[in-house]
Amino acid sequence: MKRQQVIIGIVALVLGVLLFATPFMFIGITAVKSAAEASHLGLSLPSKWLFWENFMAVIKARNYMLLLAYFNSTVITVGAISLLAVSAAMIGYVIQRRPSKWNGFIYALILAGLMIPPAVVPTIWLLKELHLFKTLHGMILIQVAYGLSFSVLLFRSFIASIPRDLDEAAIIDGAKPWQVFFKVILPLLKPITITVVLVQSVTIFNDFTNPLYYLPGKDNVTVQLTLYNFQSQFSSQMNLLFMNILLVTIPPLIMFIFFNKQIVKGMTAGAVKG
Amino acid sequence: MASVKLKNIHKEFNGVKILKGIDLDVNDGEFCVFVGPSGCGKSTLLRIISGLDDASSGEIEIADKDVTHADPIDRGIAMVFQSYALYPHLTVRDNIGFGLSLAKRPKNEINERVNTAAKMLQLEALLDRKPKDLSGGQRQRVAIGRAIVRNPEVFLFDEPLSNLDAALRSKMRLELTELHAELNATMIYVTHDQIEAMTMADKIVVLNAGHVEQVGTPMELYHHPKTPFVAGFIGSPKMNLFEGQTAQEHGADIYGIRPEHLTLSTQTGKWQGVIKHIEHLGADVIVHIQVQALGTLVARADGDFAVTTGSEIYATPQQGREHFLSK
Amino acid sequence: MASVKLKNIHKEFNGVKILKGIDLDVNDGEFCVFVGPSGCGKSTLLRIISGLDDASSGEIEIADKDVTHADPIDRGIAMVFQSYALYPHLTVRDNIGFGLSLAKRPKNEINERVNTAAKMLQLEALLDRKPKDLSGGQRQRVAIGRAIVRNPEVFLFDEPLSNLDAALRSKMRLELTELHAELNATMIYVTHDQIEAMTMADKIVVLNAGHVEQVGTPMELYHHPKTPFVAGFIGSPKMNLFEGQTAQEHGADIYGIRPEHLTLSTQTGKWQGVIKHIEHLGADVIVHIQVQALGTLVARADGDFAVTTGSEIYATPQQGREHFLSK
Amino acid sequence: MKSSRSYPYWFILPSGLIYLVLFLVPTVTAFWFSLTQWDLFETRFIGLENYSQFFQEPFLITGAVNTVVFGAVTSIAKSILGLLLAVLLTSGLLGQSFLRTLIFFPVLVSTVGIGIAFTEIMHPARGMINVGLSYLGIHGPAWLIDPHLALFSVALVDVWKGVGLATLIYIAGLATISSDYYEAARIDGATKLQMFFRITVPLVRPATVTVVTLSLISGLRSFDLIWAMTKGGPGFSSDVLASVIYKQYQAGFYGLSTAGNIILFVLVALIVVPLTYWFNRREVDL
Amino acid sequence: VELSILIDNNPDTVALTQALTLAYSKKHPDVKFEMELRPGGAEGDNIVKTRLATGEMADVFIYNSGSLLQALRPSRTLEPINDIANFSNILSSFTSTVSDKKGNVYAVPAQTAMGGGILYNKRLYKELGLKVPMTWKEFMANCAIIAAKSKAAPIAQTYRDSWTSQLIVLADYYNVQSEQPNFADDYTNNKAKFATTPSALRGFEKLQQVSEAGYFNDYYGAATYNDGLNMVATGKAAHYPMLTFAIPAININTPDQINDVGFFAQPGDDASKNGLTVWMPNAFYLPKEGDHKDIAKDFLSYVATVDACNTITNAIGANGPYLIKGCTLPDNVFPAVKDMLPYFQVEGRTAPALEFLSPIKGPMLEQLTVEVGSSIRTAKSAAELYDQDVEKQAKQLNLPNW
Ligand SMILES: Nc1ncnc2c1ncn2[C@@H]1O[C@H](COP(=O)(O)OP(=O)(O)OP(=O)(O)O)[C@@H](O)[C@H]1O
Ligand SMILES: Nc1ncnc2c1ncn2[C@@H]1O[C@H](COP(=O)(O)OP(=O)(O)OP(=O)(O)O)[C@@H](O)[C@H]1O
Ligand SMILES: [Mg+2]
Ligand SMILES: [Mg+2]
C-alpha cells in the first residue's frame with residue numbers, strides 16, 4: 001500500500017463514518033434506550049444502557065417469533081436466490097448472445113417486470129389455484145418471479161464483457177450449450193453473480209409486503225414482519241423497534257462482508273490475445 | 001479419415017465481401033497450409049470450416065457428409081484460435097483437458113493425455129498456473145495443447161507457432177508433422193512462416209483478397225507460380241518482378257527472378273548496378289542492387305560474400321530459373 | 001536522445017525468480033533486440049523498463065535519470081504489447097490517435113499523424129472499424145500504429161510483427177528501420193524472428209532463463225557465440241553441436257558447426273553418413289544426415305542440390321567456420 | 001455463429017415460466033380491473049372512467065413533475081456517486097473493505113428504520129444535520145418541512161440509501177475491465193483523470209446501463225421512502241405518482257389505482273425504453 | 001380446536017387480545033388461539049380486504065367500526081352475530097355503527113369508547129388560573145393568555161404524523177351535529193357539503209384561526225405524535241387536540257406527568273351546546289366462511305361480558321366508558337379519562353364522529369389539514385378540495401345520488 005493510499009484511506013474513513021455511520025449510531029443508541037427515552041428520539045446518550053434487556057425483549061417477543069422468522073426468511077432467501085441467480089444468468093446469456101428480433105420482445109417483457117407493480121389479488125387467486133398459497137415454496141417462486149427482471153438486466157449487460165471467443169473455444173472443444181454456459185460463462189460471471197446474490201438476498205430477506213400478502217399465517221412470519229411487533233400506526237416502541245431493525249440487519253450484513261471480498265478483478269485476464 | 005470439401009464459399013460482414021467464392025478439396029489425411037496476406041480471409045475461412053460462422057453461401061462437406069449447417073460439435077474438428085481463447089478461470093491442465101472432460105473420458109486417461117501433450121509443448125512445469133500467469137508463447141502452447149489432446153479427424157490451426165522462438169518452433173514443426181503422420185488426421189494450417197509452409201505442407205493454398213490464387217505442393221508453388229501474386233508471396237526475400245521489355249520479349253507481362261537465383265560477380269554479368277544496401281543474415285547476405293534499367297534488384301549471396309555498399313556489381317539470372325508471368 | 005541502463009534487475013512472481021540480475025546498457029539511438037526462448041523473461045523485462053511493473057530489486061536509468069520508481073508517463077516511452085491491448089470501445093483511428101489526443105495535440109495534427117501511420121501500416125481502409133472487426137494481423141498493426149505515432153524517446157516493441165505475412169513483415173522491417181533512422185529514438189525490440197533480429201539490430205541481447213547470455217552485434221553473435229546456448233539459438237537451422245572427441249582435441253567441451261558451413265559431396269568428405277530426411281525450402285534444402293560417430297548432422301544446401309533420402313553422403317566443415325565452446 | 005443452437009431459447013424456460021405464470025398473467029388480468037370499479041369484492045365495468053378520473057386528480061401535475069424530478073435527480077446522483085465511490089473503493093485504499101461495508105449498510109436496513117432515523121436527523125431544530133451546520137455558523141434549512149425542499153431532502157436520503165447498491169454494481173463492473181487497457185493507457189501517457197474519463201467510463205458502461213436503468217425505474221416508481229418520511233407532504237408538495245396511486249389503493253379504490261399504475265407504467269416506459277434502446281445500440285462487445 | 005385471530009399490531013390490541021384469549025382458554029381448555037399480527041392503518045385495511053376477498057381470513061379478526069367497516073361489504077363477507085348468547089349486552093350506540101341496513105350486527109367491541117377533543121396541561125391551567133373553556137372564544141382567550149404569560153405553546157401540532165392534524169376538524173363534529181342534526185345523512189346523500197355548510201366549515205376555520213394566530217409549537221411540521229404527548233404532559237404545550245386513546249402512551253412515555261394531563265371536548269360557539277365527539281373502538285368480527293364459526297361466536301359472546309371488560313381493564317387500563325352493559329371503570333383511572341366520563345353521563349352530550357355515521361371519509365383529509373395548519377391553504381379552499389375528494393370516494397362506493 002502506498003502512502004497516498006493510506007492518506008486517502010484515512011480521509012475516506014473519516015468522511016465515510018461521518019456520513020454513513022452516524023445515522024446508524026442513532027439507530028444503535030435508540031436501540032439501547034428505555035422506552036420513555038426512546039420516544040423522545042434524539043441522539044443523546046441513554047441514561048441507562050439497556051442492550052441486554054431490549055435484546056431479550058425483542059428475541060422473546062411473541063413467543064420467540066424472531067427466531068422462527070429468521071428461519072423462514074433464510075429458507076425463502078436461500079431457495080429463491082439459488083434458483084434466481086443461475087436462471088437469470090441463463091436468460092441474460094441467451095438474450096445478450098443471440099441476436100434476434102424476439103430478443104427485443106423478451107427484453108421488453110423483462111423490463112416490464114421492473115416497471116409494473118405486481119397485481120396482488122389476481123396473484124393470490126392464481127397461487128390458490130396452484131396450491132402454492134401460504135407455502136414457503138410458493139413464496140420462493142414469487143420471489144423468483146419478482147426478482148428476475150433485476151437480475152436478468154444485471155447479467156445481460158455484463159455478459160457483453162466476456163469475449164465470445166471463449167464460447168467458441170468451448171463449442172469447438174465439444175461443449176453442449178449448457179456446458180458452455182455452466183463451465184465457461186458462469187464461472188466468469190462471478191463478480192456479477194455475487195452482486196446479484198447480495199442484492200437479491202437483501203431484497204428478499206428484507207421484503208415484507210410480499211410475505212404479508214402471499215404468506216399469511218403465524219408459522220410463516222418473516223423477519224421484516226417482526227418489526228410490526230413494535231411499530232404500529234399510533235404508537236411505537238422505538239427502542240425495541242430499532243433493536244429489532246439492528247438484529248434483522250445482521251444476517252445480510254454478515255453475508256455482505258463474506259461475499260464482498262470475492263469480487264475480484266481480472267476474471268478474464270489472459271484469455272484472448274487482441 | 002476425413003476429407004474437407006468447400007464449394008463456392010462466400011462470406012460477407014455487413015455487406016463487405018470477405019470471401020468471394022472459395023472452392024477447395026482437402027483430401028483425407030492431407031496437411032494443407034493456407035497462406036495469404038494479413039486480412040485476406042484465412043481465419044474467416046477456418047471459422048467457416050469449423051462451423052463457428054455460417055458462410056453467406058456455399059457448401060461444406062467433411063468426410064463426404066454435407067455439414068454446411070451442422071454444429072461445430074458434429075464436425076469432428078479441433079481448432080487452435082489465433083487469439084488463443086484460453087479459459088481464464090481454468091489452470092493450464094484443465095484448459096488442455098477441457099475437451100476430454102466434456103467427453104467424459106476417465107480421469108486417468110485425461111491425465112495421461114494432458115501430460116503427454118504438456119511434455120511435448122514443454123509446459124510440464126506450468127500445469128497448475130492460470131493463463132494470466134503465462135508468457136505469450138506459453139499461452140500459445142496451451143492453445144495448441146488443447147487442440148491436440150482431442151484426436152479429432154480434422155485439425156484447424158490458426159498461426160499456432162507465431163509467438164514461439166525459432167528453436168521451439170522447429171521442434172514443434174517436427175512434433176506436429178509426427179502427430180500428423182501418427183493420427184493420419186486431416187490438418188488445415190494457417191501460417192505466415194515460409195519455412196512452416198514449405199516444410200510441413202502436402203498442399204499449399206494461397207489466398208488473396210478472398211479468393212484462391214493457386215493450390216499446389218510447396219515445390220510447385222516455388223518453381224511454377226501461376227500468378228505474379230503467388231510468385232511474390234512464396235519465397236523470402238520475395239522474387240524480383242519486373243514489367244517491361246524483358247517480359248515482353250517472352251510474350252509475358254511480368255518477368256521474375258528469385259534473389260537466390262541471381263549469381264553475383266564483381267566482374268561481369270547480365271545486369272550491372274550499384275549496391276544500395278546490404279543485409280547480413282549470417283548464413284546469407286541480401287544485397288539490394290540499383291540497376292538502371294530495372295530498378296531495385298534483390299539478390300541473395302553466401303554469408304561470406306564480401307561487398308560494400310556503393311560498389312559496382314553484376315548480377316546474372318541462372319538459366320532455367322526465370323519466370324514469365326501474365327497479370 | 002535517451003539511453004537505457006539496467007542495473008542488476010531482479011524480478012519474482014510469487015517467489016518464482018523470473019529475472020535473475022539483468023545488467024544492460026542500451027545506448028542512445030540504438031536498436032536493441034531481445035531474443036530468447038519462450039518464457040525466458042523478455043516481456044517481463046520490457047514491462048519493467050516501461051514502468052508497468054516494478055522490479056523486485058535493481059535500478060533503471062533512462063536518459064541518465066533514475067526512473068526506477070517513475071511512472072510510465074514520465075519515462076518517455078511507447079510500447080507495443082505482445083497482447084496488443086487495443087481499446088475495444090475505440091475505432092482504429094481513435095486507438096491510434098489515443099496518445100496524441102491525451103496529450104491534447106490539435107485535431108488536424110492528430111489526423112495527419114494517424115493517417116500517415118495508417119498508410120504505412122496499410123490500415124487506411126479500416127480506420128473506422130472497432131478492433132473486434134479486424135483480423136489478427138490487422139490488430140497487431142493497430143498496436144504498432146498506436147506506438148509509432150507518438151514519437152517518444154524510447155520504443156518498446158514486444159514481437160510486433162509476429163502475426164504478419166512475410167511480405168508485409170519485410171516491408172514493416174524496412175519502415176521501422178527508417179523510422180528509427182529518422183527519429184533517432186532508442187528502440188528495444190523483442191522478436192523470435194531471426195531475420196528481424198539479424199537485419200534490424202545494432203545490438204542483440206540473448207536472454208535465457210532470466211539472465212543475459214551474451215550481448216553483441218548480430219555478426220558477433222553469429223560468428224562468435226560465447227556459449228553453446230547462444231550458438232544454438234542464433235541461426236536457423238540451428239548450429240550442429242557435439243560433445244566428445246572433436247571438441248576435446250581443441251581443449252573445448254563442445255564442437256559446433258552451422259548447417260550452412262557444411263559442404264556436401266557424394267564422393268568424399270570428413271564425415272560420411274546416410275541421409276535421413278530432406279526438407280525443401282525452395283531456395284535451400286535442409287539435409288538431415290545420420291553420421292555414425294556424431295549422431296544427426298544438419299546441413300544446408302542449395303535448392304537444386306539433388307539427393308534422395310537413404311543415399312550416402314559426405315559432409316565437410318568449412319575451414320575457419322568451426323566453433324569450439326566451453327559449457 | 002449458429003446462435004439458434006449454441007444459445008437455445010430453452011435456457012429461458014425454467015424461470016421464464018415462473019415469471020410468466022406468477023407475474024405476467026396476473027398483470028394482464030389486472031389490466032381488466034383498471035376498467036372496472038373494484039373494491040376487491042365486487043367489480044363493475046365502467047370503461048375508461050378510471051383513467052379519466054385519474055387525470056382529474058387535483059395534484060396530478062405536481063405529482064407527475066415530482067416523479068420525473070425525483071427519478072432524474074436520484075438516478076443521476078446514484079450513478080455518478082456510485083461510480084466515483086466504486087473507483088475509490090477498488091483503488092486499494094486503507095480500510096477499503098470496511099468502507100465498502102459501511103456504504104452498503106444502508107441498503108440492508110429497512111426503509112422504515114431509515115425513514116424514522118432521517119426524519120429525526122433532518123429535524124430543523126434538534127436534527128443532527130442542522131446542529132452540525134450551526135457549529136459551522138450555518139442556519140440549516142427546514143429539510144422536510146419546507147414544501148420546496150421536502151422532495152429534495154427525501155431524494156438526498158434515497159441517494160444515501162441507494163448509493164451502496166450502485167457502488168456495488170460498479171465495483172463488479174470495474175472488476176471486469178481488463179487491466180490491459182489501463183496499462184496501455186499508462187503507456188499512452190494518460191493521467192489518472194484521463195484514464196477515468198477515457199477508459200473507465202466507457203468500459204464500465206455495462207454497469208452504467210444497469211445502474212441508470214435500475215435506479216431510474218425505481219426512482220420513478222419509488223414511494224416507500226417518501227411515504228416513510230413525508231407521506232407526500234407537507235400537504236402535497238412531495239407527492240409523486242406512485243404515492244398518489246398508493247393513497248388511492250389505501251383508500252380502497254382498487255380499480256382506480258390499477259388504472260393509475262398503468263398510467264405510471266406508460267410514463268416510465270416512455271422515459272426508460274428509448275433510453276435503453278439508445279444504451280443497447282452502443283454496447284461494446286468484446 | 002385452534003382459532004386463528006388476526007389483529008393489528010398496536011401494543012394495546014395485542015395485550016388485550018392476549019388477555020382475552022387466555023381468559024377464554026382457561027374456561028375452555030380445548031380451545032387454543034393463534035394470533036397473527038398485521039400492520040395498522042391503510043396498509044392493514046388492505047390486508048384485511050385482500051384476505052376477505054380471497055377467502056383467507058382468520059377465524060376471528062379485529063377491525064375498525066364505522067365507515068371503514070362498510071368498505072368490507074359486511075353483508076357479503078361477514079358473519080352476523082345477532083345470535084350470540086350475550087348479544088343483548090352490547091350497547092346500541094355501538095351496534096348501530098357495525099350493522100347493515102337489514103339490521104344484521106357484525107361485531108363485538110374490543111375496547112372502550114374514546115373521546116376526541118383536547119388534551120390539556122392541568123398544572124399550567126392552574127398556574128395561570130385558567131378555566132376549561134366552554135366556547136371556542138374562551139378557548140382562544142385561554143390560548144392568548146398562555147401565549148402571553150408562559151413559555152408554553154398554546155397548542156401542540158405534530159405534522160410529522162400527519163394524521164394528528166385532522167383532529168380539530170374531526171373532533172368538531174359534535175358542534176356540527178348540534179347545529180345541523182341531519183348533516184350526516186345529507187352529506188351521505190350528496191345534499192350537504194363541507195364548503196357550503198357553515199357549521200361544517202367551522203372545523204377547517206378553527207384550524208386556520210389557530211394557525212394564523214401562531215399558537216403552535218416551534219417546528220410543529222417536524223414534531224411527532226410522541227412529541228405532542230410529551231409536550232402536553234410536561235407543559236411545554238398547553239393543549240393537544242387528540243383522541244383519548246393517547247392516554248396510555250402518555251403513561252408509558254412520561255409516567256410522572258400523567259396526572260397533569262386533562263381532557264375537554266372541543267368547544268363550539270354556544271356554551272349551552274357543549275358536547276363530545278366520540279370514537280367507537282375496534283371490534284371483533286367473524287368472516288362468513290370461517291371454519292369454526294360456533295366456537296368463534298362463543299368467544300365473541302364471551303367478549304361481551306363484564307368479565308371480559310375487567311380482563312381488558314387489567315391488561316391495558318381503561319380509557320373511556322365500555323360499550324358493554326354492566327361494565328364499570330375502576331376508580332383509579334387517569335384524570336384525563338375521568339374528565340371525559342361526565343359527557344357520557346348526560347344524554348345528548350355526545351355524538352359519534354362523522355365516520356361512524358356516514359360511509360364516506362375522503363383519504364386526502366390529513367394532507368389538507370396539514371396545509372391549512374401550515375397556512376399553505378385557506379380553510380375554504382381545503383373544504384372545497386375535500387368535497388371533491390369525498391365525491392371520488394362516494395363514487396367508488398357506488399352510493400346513490402352521486
Ligand atoms: N503473473 C505471473 N506469475 C507467475 N509467473 C509468471 C507471471 N507472469 C509471467 N510469469 C512467468 O515468467 C516467465 C517470463 O514471462 P515473459 O512473459 O517475460 O516471457 P517471454 O520471454 O516474454 O516469453 P514469450 O516469448 O513466450 O512471450 C514465464 O515463464 C512466465 O510463465
Ligand atoms: N466482424 C467483422 N466485420 C467486418 N469485417 C470483418 C469482421 N471480421 C473480420 N473482418 C474482415 O475480414 C477480413 C478477413 O479477416 P480474417 O480474420 O479472416 O483475416 P486473416 O486472413 O486471418 O488475417 P490475419 O493473417 O491478419 O489473421 C479482414 O479484412 C477483416 O478486417
Ligand atoms: Mg487470422
Ligand atoms: Mg513475451
# chains A, B, ... in the order shown; residues from 1 in each chain; ligands from 1
call {"tool": "closest_atom_pairs", "arguments": {"of": "chain A", "to": "ligand 1", "cutoff": "12 Å", "atoms": "only C-alpha atoms and all ligand atoms", "output": "Markdown table"}}
result
| residue | atom | partner | partner_atom_place_in_ligand_line | distance |
| --- | --- | --- | --- | --- |
| A:Ala269 | CA | ligand 1 | 1 (N) | 10.6 |
| A:Gly270 | CA | ligand 1 | 1 (N) | 10.1 |
| A:Lys273 | CA | ligand 1 | 27 (O) | 11.8 |
call {"tool": "residues_around", "arguments": {"residues": "segment 59-67 of chain C", "least_positions_apart": "6", "cutoff": "8 Å", "atoms": "only C-alpha atoms", "output": "PDB file with N, CA, C and O atoms, in the first residue's frame"}}
result
ATOM      1  N   MET C   1      18.567  10.343 -28.146  1.00  0.00           N
ATOM      2  CA  MET C   1      18.306  11.247 -27.021  1.00  0.00           C
ATOM      3  C   MET C   1      18.278  10.541 -25.688  1.00  0.00           C
ATOM      4  O   MET C   1      18.405  11.146 -24.650  1.00  0.00           O
ATOM      5  N   ALA C   2      18.030   9.225 -25.713  1.00  0.00           N
ATOM      6  CA  ALA C   2      17.810   8.572 -24.426  1.00  0.00           C
ATOM      7  C   ALA C   2      18.473   7.206 -24.393  1.00  0.00           C
ATOM      8  O   ALA C   2      18.145   6.328 -25.177  1.00  0.00           O
ATOM      9  N   SER C   3      19.370   7.057 -23.485  1.00  0.00           N
ATOM     10  CA  SER C   3      19.939   5.730 -23.279  1.00  0.00           C
ATOM     11  C   SER C   3      19.127   5.013 -22.205  1.00  0.00           C
ATOM     12  O   SER C   3      18.419   5.650 -21.421  1.00  0.00           O
ATOM     13  N   VAL C   4      19.231   3.693 -22.196  1.00  0.00           N
ATOM     14  CA  VAL C   4      18.525   2.917 -21.170  1.00  0.00           C
ATOM     15  C   VAL C   4      19.549   2.056 -20.454  1.00  0.00           C
ATOM     16  O   VAL C   4      20.308   1.333 -21.096  1.00  0.00           O
ATOM     17  N   LYS C   5      19.603   2.210 -19.145  1.00  0.00           N
ATOM     18  CA  LYS C   5      20.562   1.410 -18.376  1.00  0.00           C
ATOM     19  C   LYS C   5      19.832   0.575 -17.342  1.00  0.00           C
ATOM     20  O   LYS C   5      19.042   1.091 -16.560  1.00  0.00           O
ATOM     21  N   LEU C   6      20.118  -0.716 -17.353  1.00  0.00           N
ATOM     22  CA  LEU C   6      19.527  -1.597 -16.347  1.00  0.00           C
ATOM     23  C   LEU C   6      20.636  -2.086 -15.434  1.00  0.00           C
ATOM     24  O   LEU C   6      21.686  -2.510 -15.901  1.00  0.00           O
ATOM     25  N   LYS C   7      20.396  -1.990 -14.112  1.00  0.00           N
ATOM     26  CA  LYS C   7      21.422  -2.442 -13.189  1.00  0.00           C
ATOM     27  C   LYS C   7      20.874  -3.510 -12.278  1.00  0.00           C
ATOM     28  O   LYS C   7      20.028  -3.242 -11.428  1.00  0.00           O
ATOM     29  N   ASN C   8      21.342  -4.711 -12.513  1.00  0.00           N
ATOM     30  CA  ASN C   8      21.052  -5.807 -11.601  1.00  0.00           C
ATOM     31  C   ASN C   8      19.550  -5.971 -11.309  1.00  0.00           C
ATOM     32  O   ASN C   8      19.119  -6.044 -10.169  1.00  0.00           O
ATOM     33  N   ILE C   9      18.788  -6.042 -12.403  1.00  0.00           N
ATOM     34  CA  ILE C   9      17.335  -6.160 -12.258  1.00  0.00           C
ATOM     35  C   ILE C   9      16.940  -7.584 -11.879  1.00  0.00           C
ATOM     36  O   ILE C   9      17.321  -8.543 -12.543  1.00  0.00           O
ATOM     37  N   ASP C  28      21.961   5.521 -26.466  1.00  0.00           N
ATOM     38  CA  ASP C  28      21.074   6.482 -27.095  1.00  0.00           C
ATOM     39  C   ASP C  28      20.982   6.202 -28.591  1.00  0.00           C
ATOM     40  O   ASP C  28      21.996   6.093 -29.274  1.00  0.00           O
ATOM     41  N   ILE C  49      11.033  -2.073 -17.840  1.00  0.00           N
ATOM     42  CA  ILE C  49      11.592  -0.856 -18.432  1.00  0.00           C
ATOM     43  C   ILE C  49      10.498   0.190 -18.616  1.00  0.00           C
ATOM     44  O   ILE C  49      10.688   1.377 -18.378  1.00  0.00           O
ATOM     45  N   ARG C  75       8.500   8.404 -18.329  1.00  0.00           N
ATOM     46  CA  ARG C  75       9.694   7.756 -18.870  1.00  0.00           C
ATOM     47  C   ARG C  75       9.910   8.034 -20.354  1.00  0.00           C
ATOM     48  O   ARG C  75      10.916   7.620 -20.911  1.00  0.00           O
TER      49      ARG C  75
END
call {"tool": "residues_around", "arguments": {"residues": "Thr191 of chain B", "least_positions_apart": "2", "cutoff": "6 Å", "atoms": "only C-alpha atoms", "output": "JSON, numbers by chain"}}
result
{"B": [35, 159, 193]}
call {"tool": "select_by_dssp", "arguments": {"residues": "segment 4-155 of chain E", "states": "alpha helix (DSSP H)", "output": "number ranges by chain"}}
result
E: 11-27, 41-53, 67-70, 74-77, 92-95, 122-128, 136-149
call {"tool": "residues_near_ligand", "arguments": {"ligand": "ligand 3", "cutoff": "12 Å", "atoms": "only C-alpha atoms and all ligand atoms", "output": "ChimeraX atom specification"}}
result
/A:273-274 /B:34-47,80-84,156-160,162,189-192,207 /C:133-140,162-165
call {"tool": "write_last_selection", "arguments": {"atoms": "C-alpha atoms", "output": "compact mmCIF listing (two decimals), in the first residue's frame"}}
result
# COMPACT_ATOMS: atom_id res chain seq x y z
CA LYS A 273 -4.87 -12.05 -27.50
CA GLY A 274 -6.01 -8.95 -29.28
CA PHE B 34 -3.28 -21.66 -46.01
CA VAL B 35 -1.11 -18.69 -46.70
CA GLY B 36 -2.01 -15.19 -47.73
CA PRO B 37 -1.60 -11.60 -46.74
CA SER B 38 -2.89 -10.35 -43.42
CA GLY B 39 -6.64 -9.79 -43.63
CA CYS B 40 -7.20 -11.89 -46.73
CA GLY B 41 -9.73 -14.16 -45.01
CA LYS B 42 -7.77 -17.14 -43.74
CA SER B 43 -9.20 -17.10 -40.25
CA THR B 44 -12.65 -16.43 -41.61
CA LEU B 45 -12.39 -19.49 -43.79
CA LEU B 46 -11.20 -21.58 -40.88
CA ARG B 47 -14.13 -20.41 -38.79
CA VAL B 80 -6.28 -23.54 -32.33
CA PHE B 81 -7.57 -19.99 -32.29
CA GLN B 82 -5.39 -17.18 -33.48
CA SER B 83 -6.42 -15.36 -30.30
CA TYR B 84 -5.85 -18.48 -28.17
CA LEU B 156 -7.61 -26.43 -37.77
CA PHE B 157 -4.56 -24.42 -36.78
CA ASP B 158 -4.59 -20.64 -37.00
CA GLU B 159 -1.00 -19.42 -36.85
CA PRO B 160 -0.21 -21.76 -33.99
CA SER B 162 3.69 -17.37 -34.35
CA TYR B 189 -2.95 -24.90 -41.07
CA VAL B 190 -2.70 -21.13 -41.40
CA THR B 191 0.75 -19.63 -41.21
CA HIS B 192 2.80 -16.64 -42.22
CA LEU B 207 -5.35 -16.93 -50.63
CA ASP C 133 -13.93 -6.50 -36.56
CA LEU C 134 -10.26 -6.84 -37.50
CA SER C 135 -8.14 -9.84 -38.39
CA GLY C 136 -5.28 -10.84 -36.13
CA GLY C 137 -2.63 -9.19 -38.23
CA GLN C 138 -4.69 -6.06 -38.58
CA ARG C 139 -4.99 -5.79 -34.84
CA GLN C 140 -1.29 -6.16 -34.47
CA SER C 162 4.63 -11.98 -35.34
CA ASN C 163 1.21 -12.14 -36.98
CA LEU C 164 2.10 -10.55 -40.30
CA ASP C 165 2.80 -12.28 -43.56
call {"tool": "interface_residues", "arguments": {"of": "chain A", "to": "chain B", "cutoff": "12 Å", "atoms": "only C-alpha atoms", "output": "ChimeraX atom specification"}}
result
/A:162-180,182-190,266-274
call {"tool": "closest_residue", "arguments": {"among": "D:Ala228, D:Ile199, D:Val273, D:Leu89", "to": "chain C", "atoms": "only C-alpha atoms"}}
result
D:Ile199
call {"tool": "residues_around", "arguments": {"residues": "Arg141 of chain B", "least_positions_apart": "6", "cutoff": "8 Å", "atoms": "only C-alpha atoms", "output": "PyMOL selection string"}}
result
chain B and resi 121+123+160-161
call {"tool": "select_by_dssp", "arguments": {"residues": "segment 13-193 of chain B", "states": "strand (DSSP E or B)", "output": "number ranges by chain"}}
result
B: 13, 16-26, 31-35, 57-62, 65-66, 77-80, 154-158, 186-190
call {"tool": "interface_residues", "arguments": {"of": "chain E", "to": "chain D", "cutoff": "6 Å", "atoms": "only C-alpha atoms", "output": "MDAnalysis selection string"}}
result
chainID E and resid 42 53 221 363 367 370:371
call {"tool": "atom_distance", "arguments": {"atom1": "atom CA of Pro118 of chain A", "atom2": "atom CA of Pro8 of chain D"}}
result
28.7 Å
call {"tool": "interface_residues", "arguments": {"of": "chain A", "to": "chain D", "cutoff": "6 Å", "atoms": "only C-alpha atoms", "output": "ChimeraX atom specification"}}
result
/A:5-6,9,90-91,94,98,115-116,119,122-123,145,154,157-158,160-161,163,177,191-192,249,265-266
call {"tool": "interface_residues", "arguments": {"of": "chain E", "to": "chain A", "cutoff": "8 Å", "atoms": "only C-alpha atoms", "output": "ChimeraX atom specification"}}
result
/E:8-11,34-41,47,50,54,225-227,249,252-254
call {"tool": "closest_residue", "arguments": {"among": "E:Ala383, E:Ala315, E:Ile81, E:Ala223", "to": "Pro198 of chain E", "atoms": "only C-alpha atoms"}}
result
E:Ala383
call {"tool": "interface_residues", "arguments": {"of": "chain D", "to": "chain C", "cutoff": "8 Å", "atoms": "only C-alpha atoms", "output": "compact mmCIF listing (two decimals) with C-alpha atoms, in the first residue's frame"}}
result
# COMPACT_ATOMS: atom_id res chain seq x y z
CA ASP D 180 -4.50 -4.40 -20.07
CA TYR D 181 -6.38 -1.30 -21.07
CA GLU D 183 -1.61 -0.45 -18.86
CA ALA D 184 -1.95 0.59 -22.46
CA ALA D 185 -3.31 3.93 -21.35
CA ARG D 186 -0.48 4.44 -18.89
CA ILE D 187 1.95 3.81 -21.70
CA ASP D 188 0.00 6.20 -23.89
CA GLY D 189 0.57 8.80 -21.24
CA ALA D 190 -2.86 9.08 -19.69
CA THR D 191 -3.22 10.90 -16.39
CA GLN D 194 -7.87 10.89 -18.40
CA PRO D 202 -16.63 3.89 -21.50
CA LEU D 203 -15.64 0.41 -20.41
CA VAL D 284 -19.27 -2.51 -26.65
CA ASP D 285 -18.78 -6.14 -27.50
CA LEU D 286 -15.54 -7.94 -26.85
